[in-house]
Each structure stands twice: as structure tokens, then as C-alpha cells.
file target20.txt (compact mmCIF, C-alpha atoms)
# COMPACT_ATOMS: atom_id res chain seq x y z
CA MET A 210 7.19 -15.58 -24.83
CA ILE A 211 7.23 -11.79 -25.34
CA ARG A 212 8.31 -11.39 -21.70
CA LEU A 213 11.23 -13.78 -22.22
CA PHE A 214 12.21 -11.88 -25.36
CA LEU A 215 12.11 -8.62 -23.38
CA GLY A 216 14.33 -10.14 -20.66
CA ILE A 217 16.93 -11.30 -23.19
CA TRP A 218 16.67 -8.03 -25.17
CA LEU A 219 17.42 -5.82 -22.17
CA ALA A 220 20.21 -8.17 -21.02
CA ILE A 221 21.86 -7.89 -24.47
CA VAL A 222 21.43 -4.09 -24.49
CA THR A 223 23.05 -3.91 -21.03
CA LEU A 224 25.87 -6.18 -22.15
CA LEU A 225 26.58 -4.16 -25.32
CA ALA A 226 26.30 -0.84 -23.46
CA PHE A 227 29.28 -1.86 -21.32
CA VAL A 228 31.26 -4.10 -23.64
CA LEU A 229 31.41 -2.08 -26.90
CA PRO A 230 34.74 -0.23 -26.99
CA MET A 231 34.97 3.54 -27.21
CA SER A 232 37.24 5.12 -29.77
CA ALA A 233 38.24 8.70 -30.61
CA ASN A 234 37.96 7.82 -34.31
CA PRO A 235 35.40 5.02 -34.61
CA SER A 236 36.55 2.88 -37.52
CA ALA A 237 34.72 -0.41 -36.92
CA TRP A 238 30.93 -0.77 -36.78
CA TYR A 239 31.08 -1.81 -33.12
CA HIS A 240 33.01 1.26 -31.95
CA LEU A 241 31.27 3.93 -29.91
CA PRO A 242 32.55 7.51 -30.20
CA ILE A 243 34.29 9.13 -27.25
CA ILE A 244 32.29 12.12 -26.06
CA PRO A 245 34.84 14.69 -24.77
CA GLY A 246 34.61 15.16 -21.02
CA LEU A 247 32.44 12.08 -20.51
CA GLU A 248 34.49 9.12 -21.85
CA ASP A 249 33.26 5.85 -20.28
CA LYS A 250 30.80 7.78 -18.13
CA ALA A 251 28.82 8.45 -21.34
CA ARG A 252 27.58 4.84 -21.12
CA ILE A 253 25.00 6.00 -18.60
CA LEU A 254 23.21 7.42 -21.65
CA PHE A 255 21.76 3.96 -22.43
CA PHE A 256 20.02 3.78 -19.04
CA HIS A 257 19.51 7.31 -17.76
CA VAL A 258 17.93 8.82 -20.88
CA PRO A 259 15.31 6.03 -21.40
CA THR A 260 14.29 6.20 -17.71
CA ALA A 261 13.88 10.00 -17.91
CA TRP A 262 11.91 9.65 -21.14
CA LEU A 263 9.64 6.93 -19.73
CA SER A 264 8.79 9.08 -16.73
CA THR A 265 7.52 11.68 -19.22
CA VAL A 266 5.54 9.01 -21.10
CA GLY A 267 4.05 7.73 -17.82
CA PHE A 268 2.94 11.20 -16.76
CA ILE A 269 1.39 11.91 -20.16
CA ALA A 270 -0.43 8.53 -20.09
CA SER A 271 -1.69 9.45 -16.63
CA MET A 272 -3.11 12.69 -18.04
CA VAL A 273 -4.72 10.93 -21.03
CA TYR A 274 -6.52 8.41 -18.80
CA GLY A 275 -7.38 11.24 -16.38
CA ILE A 276 -9.14 13.05 -19.22
CA ARG A 277 -10.89 9.80 -20.20
CA TYR A 278 -12.06 9.32 -16.63
CA LEU A 279 -13.51 12.83 -16.43
CA ARG A 280 -15.39 12.24 -19.70
CA LYS A 281 -16.68 8.69 -19.11
CA ARG A 282 -16.46 8.22 -15.31
CA ASP A 283 -15.18 4.68 -15.82
CA PRO A 284 -13.24 3.45 -12.72
CA GLU A 285 -11.00 1.44 -15.07
CA ASP A 286 -9.61 4.73 -16.47
CA ASP A 287 -8.86 5.94 -12.94
CA ILE A 288 -6.88 2.75 -12.27
CA LYS A 289 -4.98 3.17 -15.54
CA SER A 290 -4.27 6.84 -14.83
CA ALA A 291 -2.97 6.17 -11.30
CA SER A 292 -0.90 3.18 -12.45
CA ALA A 293 0.68 5.20 -15.26
CA ALA A 294 1.55 7.95 -12.77
CA GLY A 295 3.06 5.27 -10.50
CA VAL A 296 5.26 3.87 -13.26
CA GLY A 297 6.21 7.41 -14.35
CA PHE A 298 7.13 8.26 -10.77
CA LEU A 299 9.26 5.12 -10.43
CA PHE A 300 11.19 5.94 -13.62
CA CYS A 301 11.54 9.56 -12.49
CA ILE A 302 13.20 8.32 -9.27
CA LEU A 303 15.45 6.03 -11.34
CA ALA A 304 16.46 8.96 -13.59
CA THR A 305 17.22 11.07 -10.50
CA VAL A 306 19.29 8.36 -8.81
CA THR A 307 21.24 7.35 -11.94
CA GLY A 308 21.87 11.04 -12.68
CA ALA A 309 23.09 11.67 -9.11
CA ILE A 310 25.50 8.71 -9.27
CA TRP A 311 26.83 9.99 -12.60
CA ALA A 312 27.14 13.51 -11.11
CA LYS A 313 29.33 12.20 -8.29
CA PHE A 314 31.94 11.05 -10.80
CA SER A 315 31.59 13.96 -13.23
CA TRP A 316 30.89 16.90 -10.94
CA GLY A 317 32.39 15.55 -7.71
CA THR A 318 29.12 15.61 -5.80
CA TYR A 319 25.87 13.68 -5.89
CA TRP A 320 23.73 16.79 -5.69
CA ASN A 321 24.51 20.44 -6.45
CA TRP A 322 21.06 21.86 -7.28
CA ASP A 323 21.86 22.10 -10.97
CA PRO A 324 18.75 23.30 -12.91
CA ARG A 325 18.25 19.71 -14.16
CA GLN A 326 18.40 18.32 -10.65
CA THR A 327 16.21 21.09 -9.23
CA SER A 328 13.56 20.64 -11.94
CA ILE A 329 13.39 16.85 -11.52
CA PHE A 330 13.21 17.33 -7.74
CA VAL A 331 10.22 19.69 -8.16
CA LEU A 332 8.65 17.12 -10.50
CA LEU A 333 9.08 14.41 -7.86
CA LEU A 334 7.41 16.71 -5.30
CA ILE A 335 4.50 17.39 -7.69
CA TYR A 336 3.86 13.68 -8.29
CA GLY A 337 4.56 12.80 -4.64
CA ALA A 338 1.69 15.17 -3.80
CA TYR A 339 -0.47 13.29 -6.35
CA PHE A 340 -0.10 10.05 -4.38
CA ALA A 341 -0.58 11.90 -1.08
CA LEU A 342 -3.83 13.29 -2.53
CA ARG A 343 -5.01 9.83 -3.58
CA SER A 344 -4.26 8.28 -0.21
CA ALA A 345 -5.98 11.13 1.66
CA ILE A 346 -9.44 10.62 0.09
CA ASP A 347 -11.55 7.58 0.99
CA VAL A 348 -14.56 8.18 -1.26
CA GLU A 349 -13.67 6.42 -4.53
CA GLU A 350 -15.47 8.75 -6.95
CA LYS A 351 -14.20 11.88 -5.28
CA ARG A 352 -10.65 10.47 -5.21
CA ALA A 353 -10.81 9.51 -8.88
CA THR A 354 -12.19 12.91 -9.96
CA LEU A 355 -9.72 14.98 -7.97
CA SER A 356 -6.71 12.88 -8.90
CA ALA A 357 -7.72 12.94 -12.59
CA ALA A 358 -7.88 16.75 -12.46
CA TYR A 359 -4.53 16.84 -10.61
CA ALA A 360 -2.93 14.44 -13.14
CA ILE A 361 -3.99 16.74 -16.00
CA ILE A 362 -2.62 19.88 -14.33
CA ALA A 363 0.62 18.09 -13.31
CA ALA A 364 1.20 16.78 -16.84
CA VAL A 365 0.62 20.26 -18.30
CA VAL A 366 3.26 21.68 -15.93
CA MET A 367 5.64 18.72 -16.39
CA PRO A 368 7.19 19.70 -19.80
CA PHE A 369 8.25 23.03 -18.32
CA PHE A 370 10.32 21.29 -15.64
CA MET A 371 11.48 18.45 -17.88
CA PHE A 372 12.38 20.33 -21.05
CA VAL A 373 12.12 24.12 -20.76
CA MET A 374 13.63 25.13 -17.40
CA PRO A 375 16.89 23.14 -17.77
CA ARG A 376 17.42 24.74 -21.18
CA ILE A 377 16.79 28.38 -20.27
CA LEU A 378 19.08 28.28 -17.23
CA ALA A 379 22.85 27.62 -17.33
CA SER A 380 23.34 23.93 -16.53
CA LEU A 381 26.29 21.56 -16.23
CA HIS A 382 24.14 18.77 -17.63
CA PRO A 383 25.71 17.44 -20.86
CA GLN A 384 23.84 17.39 -24.13
CA PRO A 385 25.41 14.30 -25.69
CA VAL A 386 22.29 13.38 -27.62
CA LEU A 387 21.50 16.73 -29.12
CA ASN A 388 23.83 19.67 -28.74
CA VAL A 389 22.73 23.29 -28.70
CA GLN A 390 22.63 23.42 -32.50
CA GLY A 391 20.36 20.38 -32.50
CA LYS A 392 23.01 18.27 -34.24
CA THR A 393 23.26 14.58 -33.38
CA GLU A 394 26.74 13.72 -32.10
CA MET A 395 26.32 9.94 -31.93
CA ASN A 396 27.43 7.45 -34.54
CA ALA A 397 25.04 4.85 -35.94
CA THR A 398 26.05 2.13 -33.43
CA MET A 399 25.42 4.39 -30.45
CA LEU A 400 22.11 5.55 -31.90
CA VAL A 401 20.92 1.99 -32.63
CA LEU A 402 21.90 0.88 -29.12
CA LEU A 403 20.12 3.87 -27.58
CA ILE A 404 16.96 3.17 -29.60
CA SER A 405 17.17 -0.52 -28.60
CA SER A 406 17.45 0.58 -24.99
CA PHE A 407 14.42 2.85 -25.43
CA ALA A 408 12.47 -0.09 -26.87
CA GLY A 409 13.53 -2.45 -24.06
CA PHE A 410 12.75 0.01 -21.28
CA THR A 411 9.41 0.88 -22.91
CA GLY A 412 8.56 -2.84 -22.91
CA LEU A 413 9.54 -3.09 -19.23
CA ALA A 414 7.48 -0.01 -18.30
CA SER A 415 4.41 -1.28 -20.15
CA TRP A 416 4.77 -4.69 -18.44
CA MET A 417 4.93 -2.93 -15.05
CA TRP A 418 1.95 -0.77 -15.93
CA ASN A 419 -0.05 -3.77 -17.15
CA LEU A 420 0.63 -5.70 -13.91
CA GLU A 421 -0.19 -2.69 -11.74
CA VAL A 422 -3.51 -2.15 -13.57
CA ARG A 423 -4.45 -5.84 -13.17
CA ILE A 424 -3.55 -5.85 -9.47
CA GLN A 425 -5.57 -2.67 -8.86
CA ARG A 426 -8.49 -4.21 -10.78
CA ILE A 427 -8.37 -7.31 -8.55
CA VAL A 428 -8.29 -5.06 -5.44
CA MET A 429 -11.23 -3.01 -6.75
CA ASN A 430 -13.25 -6.13 -7.55
CA SER A 431 -12.51 -7.63 -4.13
CA LEU A 432 -13.56 -4.42 -2.40
CA SER A 433 -16.74 -4.08 -4.46
CA GLY A 434 -17.44 -7.78 -3.77
CA LEU A 435 -17.19 -7.08 -0.04
CA LYS A 436 -19.60 -4.18 -0.42
CA GLY A 437 -21.95 -6.31 -2.55
CA GLU A 438 -21.55 -4.06 -5.62
CA THR A 439 -21.27 -5.08 -9.28
CA ARG A 440 -17.77 -6.04 -10.40
CA VAL A 441 -15.92 -4.47 -13.35
CA MET B 177 39.18 -13.55 -13.38
CA PHE B 178 39.70 -11.51 -10.21
CA ASP B 179 42.77 -9.77 -11.70
CA PHE B 180 40.84 -9.06 -14.89
CA LEU B 181 37.93 -7.51 -12.96
CA SER B 182 40.32 -5.54 -10.74
CA SER B 183 41.91 -3.92 -13.76
CA ASN B 184 38.58 -3.46 -15.61
CA PRO B 185 36.06 -2.08 -13.08
CA LEU B 186 33.61 -1.45 -15.93
CA TYR B 187 32.95 -5.18 -16.09
CA ILE B 188 32.11 -5.24 -12.37
CA VAL B 189 29.40 -2.65 -13.08
CA LEU B 190 28.24 -4.80 -16.01
CA ILE B 191 27.96 -7.94 -13.84
CA ILE B 192 26.08 -6.03 -11.11
CA SER B 193 23.71 -4.51 -13.70
CA LEU B 194 22.98 -7.94 -15.20
CA VAL B 195 22.39 -9.50 -11.77
CA VAL B 196 20.02 -6.63 -10.83
CA TRP B 197 18.15 -6.98 -14.12
CA GLY B 198 17.92 -10.77 -13.64
CA GLY B 199 16.48 -10.23 -10.17
CA ILE B 200 13.92 -7.68 -11.39
CA TYR B 201 12.93 -9.99 -14.27
CA ILE B 202 12.41 -13.03 -12.02
CA TYR B 203 10.40 -10.91 -9.56
CA MET B 204 8.20 -9.52 -12.36
CA ALA B 205 7.65 -12.99 -13.89
CA ARG B 206 6.61 -14.40 -10.49
CA LEU B 207 4.30 -11.45 -9.91
CA GLN B 208 2.76 -12.00 -13.34
CA ARG B 209 2.01 -15.66 -12.50
CA ARG B 210 0.46 -14.71 -9.15
CA VAL B 211 -1.74 -12.08 -10.78
CA GLU B 212 -2.91 -14.61 -13.37
CA THR B 213 -3.79 -17.07 -10.58
CA LEU B 214 -5.71 -14.38 -8.69
CA GLU B 215 -7.58 -13.37 -11.85
CA LYS B 216 -8.60 -17.00 -12.46
CA GLN B 217 -9.81 -17.31 -8.85
CA ASN B 218 -11.73 -14.05 -9.18
CA ASP B 219 -13.37 -15.19 -12.43
CA SER B 220 -14.38 -18.56 -10.98
CA GLN B 221 -16.00 -16.84 -7.97
CA ARG B 222 -18.23 -14.67 -10.17
call {"tool": "encode", "arguments": {"input": "target20.txt", "output": "C-alpha cells"}}
result
Amino acid sequence: MIRLFLGIWLAIVTLLAFVLPMSANPSAWYHLPIIPGLEDKARILFFHVPTAWLSTVGFIASMVYGIRYLRKRDPEDDIKSASAAGVGFLFCILATVTGAIWAKFSWGTYWNWDPRQTSIFVLLLIYGAYFALRSAIDVEEKRATLSAAYAIIAAVVMPFFMFVMPRILASLHPQPVLNVQGKTEMNATMLVLLISSFAGFTGLASWMWNLEVRIQRIVMNSLSGLKGETRV
Amino acid sequence: MFDFLSSNPLYIVLIISLVVWGGIYIYMARLQRRVETLEKQNDSQR
């Protein structure tokens, strides 16, 4: 039932994100403000920003479960950490791709090594190396320990690439949500729609994470069954 | 309909986005059911 609600919720958010009219002077409740220089292209906000945010959440969750694994040595925490990193990585790719498509129409090129693009590219490399590390080690305990330590270090470095570097270097990336003075430039309708989109995408990410954890658990139980070990 | 979509390309993007979301949703729901089946099989084998 919750899944169905999530499906309908995100469909409505998508519909409203495209259908609500933009106006220079929003007079009706359903008007979205025109952001100078972005116009209709500002609608990407409802998809690009939640994906970027959820990649951050996924990487932090990966670190939290990494810490838990190192403290308790429970294989379940390793599965949760790796699955959270997987979901975070997926949303990081989505943020990169949606941003590149937007850049083509705003900047004239898909990729121009803007500080935002460079920092997210480095982040993708960091987490790509995480999965390379996991696939390179066969011994389960050693893999879990090393990848937990890596997840912690990667998540500590992540805010620098996600939040600090793009702000200290000159970037073409717009700040429609918060400008340099930290003032919100959205009207209530846009803000409510953005928060609804955040909620919908968070639901989708947690569904993905939940499924990934359960699948990995089944794989782990099957493998331990083959080896004649106790199941989790 | 075609003329309307030709003059309003934003709605083409909307339709594509909704179709993609529908596809992802159906895939996830099917995956969920398969995982539940596998979990039941796993539990009954214990």
C-alpha cells in the first residue's frame, strides 16, 4: 500500500513539476516564479536537487553502517553499508547525468569541467574505487573491514567535494535554492513541490536500499548454506 | 494532440518522464515480489 502511494506521489510531483505555469509575478497559488536566466529549465530543480541530496544521504548511511560494522562485526551491517553506498552511487550518477543534460541547454555543452562537475566526477571516482575494492577481495571479513574503513574515509571527504569546493571556486552552477546571501528565492508553491519531491525520492531510495539489503542477505544466506555455516 | 505536443515540447518531456517512472515502478514492484518469494523459500528450507 505504501509502495502504491509512493508511485502515485512521485507521479503527481512529476506532473506538477512540468504543468504548473511560471510567472514573473506569481499571483495565483499555483504559479511558480521565473528564475532569471533559467526560465523553464529551472524545473530540473525538482529532480536534480533531490538526487544530489540522496547521494549524500546514501554515502553518510554507508559510513554509519561502516562504523557499526567495525564496532560489532555484524555481517548485516556490512550489507547495509555496501547497499547504502550503492544507492548513493546510483543517485550520484543520476545527479551528474541530469546536470549534464541541463548544462547542454544552459551552457551549450554537456561537460565543461565546472567546479561542480569536477567535484562530482571526483566523488564518482572515489565511490567507484569503493566497489572495485569490494570486488577485489574474496575473504568476507577482510572485505567487510576494509570497505567499512574506506566508506568512513570516503564519507568524511565527501562534504568537501559536494559542498565546499564548488562554493570556494568560481562556478557557473546556479544557486536557485539559496543564493549567496543565504536567502530563499522560491515562493511557497515551489518550496512545497521541492519538499514533496524530496520526500518522494527519499521513499524511492529507501525502497531501493531495502530491496538491495534483502537480496544481499539472501545471497549471503545461500552462500553460507553452501559452506554449511550458520545463517543470519 | 500531435500539434499541441509539437508546440509545447515541455509536455513531451513530461510524458517521457511519467513513462520512465512507470517503468521503474513496475520493475521495482516485480523485484519486490520476487524477493519476498525467495525469502519465503529460504525460510522454509531452514
call {"tool": "interface_residues", "arguments": {"input": "target20.txt", "of": "chain B", "to": "chain A", "cutoff": "10 Å", "atoms": "all atoms listed in the file", "output": "PyMOL selection string"}}
result
chain B and resi 186-191+193-195+197-198+200-202+204-205+207-208+210-212+214-215+218+222
call {"tool": "closest_residue", "arguments": {"input": "target20.txt", "among": "A:Leu279, A:Ala233, A:Ala312, A:Ala353", "to": "Ile253 in chain A", "atoms": "only C-alpha atoms"}}
result
A:Ala312
call {"tool": "atom_distance", "arguments": {"input": "target20.txt", "atom1": "CA of Asp323 in chain A", "atom2": "CA of Ala360 in chain A"}}
result
26.0 Å
call {"tool": "atom_distance", "arguments": {"input": "target20.txt", "atom1": "CA of Val373 in chain A", "atom2": "CA of Leu303 in chain A"}}
result
20.7 Å
call {"tool": "atom_distance", "arguments": {"input": "target20.txt", "atom1": "CA of Tyr274 in chain A", "atom2": "CA of Asp287 in chain A"}}
result
6.8 Å
